[in-house]
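Source file structure.json; content: JSON, C-alpha atoms.
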[["chain", "number", "residue", "atom", "x", "y", "z"],
["A", 87, "SER", "CA", 18.45, -19.85, -11.74],
["A", 88, "CYS", "CA", 15.28, -21.49, -13.03],
["A", 89, "SER", "CA", 13.09, -21.59, -16.09],
["A", 90, "LEU", "CA", 9.46, -20.45, -16.30],
["A", 91, "ASP", "CA", 7.04, -21.56, -19.02],
["A", 92, "PRO", "CA", 4.80, -18.47, -19.30],
["A", 93, "ARG", "CA", 1.95, -20.21, -21.08],
["A", 94, "ARG", "CA", 0.95, -23.45, -19.39],
["A", 95, "LYS", "CA", 3.55, -24.87, -17.04],
["A", 96, "ILE", "CA", 4.82, -21.77, -15.17],
["A", 97, "LEU", "CA", 6.79, -23.62, -12.59],
["A", 98, "ARG", "CA", 4.86, -26.71, -11.56],
["A", 99, "SER", "CA", 7.73, -27.78, -9.38],
["A", 100, "LEU", "CA", 8.03, -26.84, -5.72],
["A", 101, "VAL", "CA", 9.86, -23.80, -4.43],
["A", 102, "HIS", "CA", 12.75, -25.94, -3.15],
["A", 103, "LYS", "CA", 13.84, -26.62, -6.75],
["A", 104, "PHE", "CA", 14.82, -22.98, -7.12],
["A", 105, "LEU", "CA", 18.29, -21.79, -6.28],
["A", 106, "VAL", "CA", 17.90, -19.34, -3.46],
["A", 107, "ALA", "CA", 20.97, -17.16, -3.23],
["A", 108, "LEU", "CA", 21.82, -14.93, -0.32],
["A", 109, "SER", "CA", 22.26, -11.30, -1.30],
["A", 110, "ASN", "CA", 25.05, -9.17, 0.11],
["A", 111, "ARG", "CA", 22.50, -7.84, 2.61],
["A", 112, "ASN", "CA", 22.16, -9.81, 5.81],
["A", 113, "ASP", "CA", 18.45, -9.12, 6.16],
["A", 114, "GLN", "CA", 17.28, -10.21, 2.70],
["A", 115, "LEU", "CA", 17.08, -13.28, 0.50],
["A", 116, "LYS", "CA", 17.14, -13.32, -3.29],
["A", 117, "VAL", "CA", 15.60, -15.72, -5.80],
["A", 118, "GLU", "CA", 16.56, -15.44, -9.47],
["A", 119, "CYS", "CA", 14.53, -17.05, -12.26],
["A", 120, "TRP", "CA", 14.74, -16.91, -16.04],
["A", 121, "VAL", "CA", 11.52, -15.96, -17.82],
["A", 122, "GLU", "CA", 11.68, -16.26, -21.62],
["A", 123, "GLY", "CA", 15.36, -15.48, -21.53],
["A", 124, "ARG", "CA", 14.96, -12.61, -19.07],
["A", 125, "LYS", "CA", 15.99, -12.65, -15.44],
["A", 126, "ALA", "CA", 13.32, -12.12, -12.79],
["A", 127, "THR", "CA", 14.66, -11.32, -9.34],
["A", 128, "PHE", "CA", 12.57, -11.74, -6.19],
["A", 129, "TRP", "CA", 13.61, -10.25, -2.84],
["A", 130, "MET", "CA", 12.30, -11.39, 0.52],
["A", 131, "ARG", "CA", 12.99, -10.37, 4.10],
["A", 132, "ARG", "CA", 14.86, -13.09, 5.91],
["A", 133, "ALA", "CA", 12.71, -15.23, 8.23],
["A", 134, "ASN", "CA", 9.55, -13.38, 7.12],
["A", 135, "GLU", "CA", 6.95, -16.10, 6.65],
["A", 136, "ALA", "CA", 4.51, -13.79, 4.85],
["A", 137, "ASP", "CA", 7.19, -12.88, 2.26],
["A", 138, "TYR", "CA", 7.92, -16.55, 1.61],
["A", 139, "PHE", "CA", 4.21, -17.23, 1.23],
["A", 140, "VAL", "CA", 3.44, -14.50, -1.32],
["A", 141, "THR", "CA", 6.61, -15.20, -3.34],
["A", 142, "GLY", "CA", 5.86, -18.92, -3.24],
["A", 143, "GLU", "CA", 2.50, -18.28, -4.94],
["A", 144, "ILE", "CA", 4.40, -16.84, -7.89],
["A", 145, "LEU", "CA", 7.08, -19.53, -7.97],
["A", 146, "LYS", "CA", 4.54, -22.36, -7.85],
["A", 147, "GLY", "CA", 2.82, -21.01, -10.96],
["A", 148, "GLN", "CA", -0.48, -20.05, -9.40],
["A", 149, "TYR", "CA", -0.66, -16.88, -11.48],
["A", 150, "LYS", "CA", -1.24, -17.59, -15.18],
["A", 151, "THR", "CA", 0.12, -15.30, -17.86],
["A", 152, "PRO", "CA", -1.99, -13.54, -20.52],
["A", 153, "THR", "CA", -1.52, -14.82, -24.05],
["A", 154, "PHE", "CA", -1.56, -11.21, -25.30],
["A", 155, "THR", "CA", 0.82, -8.36, -24.48],
["A", 156, "PRO", "CA", -0.88, -6.03, -21.98],
["A", 157, "LYS", "CA", -0.76, -2.29, -22.47],
["A", 158, "GLN", "CA", -1.19, -1.75, -18.74],
["A", 159, "ILE", "CA", -0.51, -3.90, -15.65],
["A", 160, "ILE", "CA", -1.96, -3.09, -12.23],
["A", 161, "ASP", "CA", -0.68, -4.87, -9.11],
["A", 162, "ALA", "CA", -3.32, -4.09, -6.50],
["A", 163, "GLY", "CA", -2.00, -5.38, -3.20],
["A", 164, "ALA", "CA", 1.61, -5.40, -4.38],
["A", 165, "ASN", "CA", 3.04, -6.39, -0.99],
["A", 166, "ILE", "CA", 6.85, -6.64, -1.44],
["A", 167, "GLY", "CA", 6.63, -6.71, -5.25],
["A", 168, "ALA", "CA", 6.90, -10.42, -6.13],
["A", 169, "PHE", "CA", 4.16, -10.26, -8.76],
["A", 170, "THR", "CA", 5.51, -6.97, -10.10],
["A", 171, "SER", "CA", 8.96, -8.51, -10.60],
["A", 172, "TYR", "CA", 7.42, -11.48, -12.40],
["A", 173, "ALA", "CA", 5.14, -9.38, -14.63],
["A", 174, "SER", "CA", 7.96, -6.97, -15.46],
["A", 175, "ALA", "CA", 10.15, -9.85, -16.62],
["A", 176, "MET", "CA", 7.32, -11.33, -18.65],
["A", 177, "PHE", "CA", 6.39, -8.04, -20.33],
["A", 178, "PRO", "CA", 9.39, -5.68, -20.21],
["A", 179, "GLY", "CA", 8.53, -2.09, -20.99],
["A", 180, "VAL", "CA", 4.83, -2.38, -20.09],
["A", 181, "PRO", "CA", 3.99, 0.17, -17.37],
["A", 182, "ILE", "CA", 3.06, -1.36, -14.02],
["A", 183, "THR", "CA", 1.19, 0.49, -11.29],
["A", 184, "CYS", "CA", 1.64, -0.95, -7.79],
["A", 185, "TYR", "CA", -0.88, -0.26, -5.03],
["A", 186, "GLU", "CA", 0.57, -0.99, -1.57],
["A", 187, "PRO", "CA", -0.31, 1.06, 1.54],
["A", 188, "ASP", "CA", 1.70, -0.83, 4.18],
["A", 189, "THR", "CA", 4.77, 1.19, 5.21],
["A", 190, "LYS", "CA", 7.19, -1.73, 5.67],
["A", 191, "ASN", "CA", 6.04, -3.52, 2.53],
["A", 192, "SER", "CA", 6.25, -0.27, 0.58],
["A", 193, "GLN", "CA", 9.84, 0.30, 1.67],
["A", 194, "MET", "CA", 10.82, -3.14, 0.39],
["A", 195, "LEU", "CA", 8.79, -2.65, -2.78],
["A", 196, "ARG", "CA", 10.35, 0.70, -3.65],
["A", 197, "GLU", "CA", 13.85, -0.57, -2.93],
["A", 198, "HIS", "CA", 13.61, -3.16, -5.70],
["A", 199, "LEU", "CA", 10.97, -1.62, -7.99],
["A", 200, "PRO", "CA", 11.75, -2.44, -11.65],
["A", 201, "ASP", "CA", 12.21, 0.40, -14.12],
["A", 202, "GLY", "CA", 8.95, 1.73, -15.52],
["A", 203, "CYS", "CA", 6.93, 0.79, -12.44],
["A", 204, "THR", "CA", 5.06, 3.24, -10.22],
["A", 205, "HIS", "CA", 4.20, 2.83, -6.55],
["A", 206, "ILE", "CA", 0.98, 4.35, -5.19],
["A", 207, "PRO", "CA", 0.94, 4.18, -1.35],
["A", 208, "LYS", "CA", -2.79, 3.42, -1.21],
["A", 209, "GLY", "CA", -5.15, 0.50, -1.08],
["A", 210, "VAL", "CA", -7.96, -0.12, -3.55],
["A", 211, "TRP", "CA", -11.71, 0.18, -3.05],
["A", 212, "SER", "CA", -14.88, 1.09, -4.94],
["A", 213, "HIS", "CA", -14.29, 4.82, -4.33],
["A", 214, "SER", "CA", -11.77, 7.22, -2.77],
["A", 215, "ALA", "CA", -11.92, 7.12, 1.03],
["A", 216, "THR", "CA", -10.02, 6.36, 4.21],
["A", 217, "LEU", "CA", -10.63, 2.83, 5.48],
["A", 218, "TYR", "CA", -9.25, 0.75, 8.34],
["A", 219, "TYR", "CA", -7.12, -2.37, 8.22],
["A", 220, "HIS", "CA", -7.85, -5.18, 10.69],
["A", 221, "ALA", "CA", -5.12, -7.80, 11.06],
["A", 222, "GLY", "CA", -6.13, -11.46, 10.88],
["A", 223, "ALA", "CA", -4.47, -14.85, 11.19],
["A", 224, "SER", "CA", -2.38, -16.71, 8.62],
["A", 225, "HIS", "CA", -1.32, -13.67, 6.57],
["A", 226, "GLN", "CA", -4.92, -12.59, 6.19],
["A", 227, "GLY", "CA", -6.71, -9.44, 7.25],
["A", 228, "TRP", "CA", -9.42, -7.21, 5.92],
["A", 229, "ILE", "CA", -10.26, -3.58, 5.39],
["A", 230, "ASP", "CA", -13.57, -1.80, 5.87],
["A", 231, "GLU", "CA", -15.01, 1.56, 6.85],
["A", 232, "LYS", "CA", -15.27, 0.74, 10.56],
["A", 233, "PRO", "CA", -12.59, 1.88, 13.05],
["A", 234, "PRO", "CA", -10.55, 1.04, 15.03],
["A", 235, "GLY", "CA", -7.68, -0.16, 12.91],
["A", 236, "GLU", "CA", -4.83, 1.22, 10.86],
["A", 237, "PRO", "CA", -6.16, 4.02, 8.58],
["A", 238, "ILE", "CA", -5.61, 3.24, 4.90],
["A", 239, "PRO", "CA", -6.21, 5.69, 2.02],
["A", 240, "VAL", "CA", -7.92, 3.93, -0.89],
["A", 241, "GLU", "CA", -9.08, 4.63, -4.44],
["A", 242, "LEU", "CA", -10.55, 2.84, -7.45],
["A", 243, "PRO", "CA", -7.90, 1.97, -10.07],
["A", 244, "THR", "CA", -8.32, 3.45, -13.55],
["A", 245, "ILE", "CA", -8.48, 0.70, -16.17],
["A", 246, "GLN", "CA", -7.13, 1.13, -19.70],
["A", 247, "GLU", "CA", -7.45, -1.08, -22.77],
["A", 248, "ASP", "CA", -5.73, -4.48, -22.59],
["A", 249, "CYS", "CA", -5.14, -4.27, -18.85],
["A", 250, "TRP", "CA", -3.80, -7.16, -16.76],
["A", 251, "LEU", "CA", -5.19, -6.64, -13.25],
["A", 252, "LYS", "CA", -3.74, -8.59, -10.34],
["A", 253, "LEU", "CA", -5.93, -8.17, -7.27],
["A", 254, "ASP", "CA", -5.08, -9.43, -3.78],
["A", 255, "ALA", "CA", -6.30, -6.69, -1.50],
["A", 256, "GLU", "CA", -7.47, -7.99, 1.88],
["A", 257, "GLY", "CA", -11.14, -8.38, 0.96],
["A", 258, "ALA", "CA", -11.39, -5.21, -1.14],
["A", 259, "GLU", "CA", -11.96, -7.45, -4.17],
["A", 260, "TYR", "CA", -15.63, -7.65, -3.23],
["A", 261, "GLN", "CA", -15.90, -3.87, -3.55],
["A", 262, "VAL", "CA", -13.51, -3.17, -6.43],
["A", 263, "LEU", "CA", -14.65, -5.71, -9.01],
["A", 264, "PRO", "CA", -18.41, -4.94, -9.01],
["A", 265, "GLU", "CA", -17.54, -1.27, -9.47],
["A", 266, "LEU", "CA", -15.10, -1.96, -12.31],
["A", 267, "MET", "CA", -17.72, -4.09, -14.06],
["A", 268, "LYS", "CA", -19.87, -0.95, -14.46],
["A", 269, "ASN", "CA", -17.27, 0.68, -16.70],
["A", 270, "PRO", "CA", -17.17, 0.26, -20.50],
["A", 271, "VAL", "CA", -13.42, -0.55, -20.35],
["A", 272, "LYS", "CA", -12.79, -3.61, -18.21],
["A", 273, "PRO", "CA", -9.59, -5.51, -17.39],
["A", 274, "ARG", "CA", -8.89, -7.97, -20.20],
["A", 275, "PHE", "CA", -7.17, -10.39, -17.81],
["A", 276, "ILE", "CA", -7.66, -10.68, -14.04],
["A", 277, "SER", "CA", -5.45, -12.60, -11.61],
["A", 278, "LEU", "CA", -7.53, -12.67, -8.47],
["A", 279, "GLU", "CA", -7.02, -14.03, -4.97],
["A", 280, "LEU", "CA", -10.17, -14.44, -2.89],
["A", 281, "HIS", "CA", -10.16, -15.29, 0.82],
["A", 282, "LEU", "CA", -12.88, -17.02, 2.83],
["A", 283, "LEU", "CA", -14.89, -17.81, -0.27],
["A", 284, "ASP", "CA", -17.73, -19.53, 1.55],
["A", 285, "GLU", "CA", -18.16, -16.86, 4.22],
["A", 286, "ARG", "CA", -17.82, -13.82, 1.95],
["A", 287, "GLY", "CA", -19.61, -15.12, -1.13],
["A", 288, "GLY", "CA", -16.61, -15.61, -3.38],
["A", 289, "ASN", "CA", -18.37, -17.96, -5.76],
["A", 290, "GLN", "CA", -21.26, -15.50, -6.08],
["A", 291, "LEU", "CA", -18.75, -12.83, -7.09],
["A", 292, "MET", "CA", -17.32, -15.21, -9.67],
["A", 293, "LYS", "CA", -20.80, -15.71, -11.14],
["A", 294, "LYS", "CA", -21.08, -11.94, -11.58],
["A", 295, "LEU", "CA", -17.76, -11.90, -13.43],
["A", 296, "PHE", "CA", -18.89, -14.73, -15.70],
["A", 297, "ALA", "CA", -22.04, -12.77, -16.47],
["A", 298, "CYS", "CA", -19.81, -9.87, -17.58],
["A", 299, "GLY", "CA", -18.01, -12.07, -20.11],
["A", 300, "TYR", "CA", -15.12, -13.57, -18.14],
["A", 301, "ASP", "CA", -14.07, -17.19, -18.12],
["A", 302, "CYS", "CA", -11.32, -19.09, -16.32],
["A", 303, "ALA", "CA", -8.02, -19.12, -18.18],
["A", 304, "GLU", "CA", -6.75, -22.41, -19.57],
["A", 305, "ASP", "CA", -8.04, -25.52, -17.77],
["A", 306, "GLU", "CA", -8.63, -24.06, -14.32],
["A", 307, "LYS", "CA", -11.56, -25.05, -12.16],
["A", 308, "CYS", "CA", -13.75, -22.02, -11.60],
["A", 309, "GLN", "CA", -15.68, -23.38, -8.65],
["A", 310, "LYS", "CA", -13.55, -23.42, -5.51],
["A", 311, "SER", "CA", -14.16, -23.28, -1.77],
["A", 312, "GLY", "CA", -12.34, -22.99, 1.51],
["A", 313, "ALA", "CA", -10.04, -20.40, 3.04],
["A", 314, "GLY", "CA", -8.83, -18.94, -0.25],
["A", 315, "ALA", "CA", -8.00, -19.51, -3.89],
["A", 316, "ILE", "CA", -6.39, -17.80, -6.87],
["A", 317, "PHE", "CA", -8.41, -17.38, -10.06],
["A", 318, "ASN", "CA", -7.13, -16.34, -13.49],
["A", 319, "LEU", "CA", -9.86, -14.89, -15.67],
["A", 320, "GLU", "CA", -9.87, -13.66, -19.26],
["A", 321, "LEU", "CA", -12.48, -11.43, -20.86],
["A", 322, "ALA", "CA", -13.96, -12.92, -24.01],
["A", 323, "CYS", "CA", -13.31, -10.78, -27.09]]
Go ahead and render the structure in this file as structure tokens.
Amino acid sequence: SCSLDPRRKILRSLVHKFLVALSNRNDQLKVECWVEGRKATFWMRRANEADYFVTGEILKGQYKTPTFTPKQIIDAGANIGAFTSYASAMFPGVPITCYEPDTKNSQMLREHLPDGCTHIPKGVWSHSATLYYHAGASHQGWIDEKPPGEPIPVELPTIQEDCWLKLDAEGAEYQVLPELMKNPVKPRFISLELHLLDERGGNQLMKKLFACGYDCAEDEKCQKSGAGAIFNLELAC
């Protein structure tokens, strides 16, 4: 077990400090953490480097937690459900909508989906369409409207008041966020992973979000560069 400070510390220690217990299934690993007195359970496929990577982002505290109680949580790019498990433990009873189109990831996600969570087997984009996924290196890929590639159905998430939006969607962030900024109801808190910031204009996208009233949560640095980074943004009231 382990303890998470949901406000500022959120697991500064490394992943190796967590007790990783083997489940009774030979093909899966389980990590159990305590979040404000509530157990959060993370499942990973054994020897799956991508699963360890995405779960490690949660365990290392890279995703900040809203200081308010969300009325809606959207996990866009849910993968195997690590963020969903964390958010569900932090805010029990708040409905969570998980977008994940990958068949194998979706199977794992549905197998351990917390109560009150909904899985939508689609990706996210600026509008409803069928796009194509192109695999990349180091757990990265991208989707666009150009075949060939794995066809992926996509749609624009519907945002409600006091929404916590987590967005890690293989480059779709550059399409989804500008479209959401056109709506009168915007996510109140955004946990955002951007890849290839320099090549794709990630810092330019951040400037657009700042212009819409967002600022980096807590003491984060808002200007980043390189292969990728996680941002936590809150909409000014």
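The space between atom CA of Lys268 of chain A and atom CA of Glu186 of chain A spans 24.2 Å.
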Which residues, written as a list in words, have at least one atom at most 10 Å from Glu247 of chain A, with only C-alpha atoms counted and residues fewer than 5 positions away on the same chain left out?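 Residues meeting the cut-off are Pro156, Lys157, Gln158, Val271, Lys272, Pro273 and Arg274 of chain A.
With all atoms listed in the file taken into account, the protein and nucleic acid residues at most 7 Å from His205 of chain A (excluding it and anything under 2 positions from it in its own chain) are Thr183, Cys184, Tyr185, Cys203 and Pro207 of chain A.
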Write out as an NGL selection string which residues come within 12 Å of Gly163 of chain A when counting all atoms listed in the file, dropping same-chain ones fewer than 6 positions away. :A and (140 or 169-170 or 183-188 or 191-192 or 195 or 205-211 or 228 or 240 or 243 or 251-259 or 277-279)
Determine the axis-aligned bounding box of all atoms of segment 277-290 of chain A present in the file, pad each side by 8 Å, and express its centre and edge lengths in Å to one decimal place as JSON.
{"center_x": -13.4, "center_y": -16.1, "center_z": -3.7, "size_x": 31.8, "size_y": 22.9, "size_z": 31.8}
So how far away is atom CA of Lys150 of chain A from atom CA of Ala133 of chain A, in Å?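 That distance, rounded to one decimal, is 27.4 Å.
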List as a PDB file with C-alpha atoms, in the frame of the given file the protein and nucleic acid residues near Ser171 of chain A, meaning an atom at most 10 Å away when all atoms listed in the file are counted, but skip any in the same chain fewer than 5 places from it.
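The file below, out21.pdb, is the result:
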ATOM      1  CA  LYS A 125      15.990 -12.650 -15.440  1.00  0.00           C
ATOM      2  CA  ALA A 126      13.320 -12.120 -12.790  1.00  0.00           C
ATOM      3  CA  THR A 127      14.660 -11.320  -9.340  1.00  0.00           C
ATOM      4  CA  PHE A 128      12.570 -11.740  -6.190  1.00  0.00           C
ATOM      5  CA  TRP A 129      13.610 -10.250  -2.840  1.00  0.00           C
ATOM      6  CA  ILE A 144       4.400 -16.840  -7.890  1.00  0.00           C
ATOM      7  CA  ILE A 166       6.850  -6.640  -1.440  1.00  0.00           C
ATOM      8  CA  MET A 176       7.320 -11.330 -18.650  1.00  0.00           C
ATOM      9  CA  ILE A 182       3.060  -1.360 -14.020  1.00  0.00           C
ATOM     10  CA  LEU A 195       8.790  -2.650  -2.780  1.00  0.00           C
ATOM     11  CA  HIS A 198      13.610  -3.160  -5.700  1.00  0.00           C
ATOM     12  CA  LEU A 199      10.970  -1.620  -7.990  1.00  0.00           C
ATOM     13  CA  PRO A 200      11.750  -2.440 -11.650  1.00  0.00           C
ATOM     14  CA  CYS A 203       6.930   0.790 -12.440  1.00  0.00           C
TER      15      CYS A 203
END
Between atom CA of Met130 of chain A and atom CA of Leu115 of chain A - distance in Å to one decimal: 5.1 Å
Give the answer as one residue: which of A:Ala303, A:Leu263, A:Pro152, A:Ala315 has the shortest atom-to-atom distance to Leu283 of chain A, using all atoms listed in the file?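 Residue with the minimum atom-to-atom distance to Leu283 of chain A: A:Ala315.
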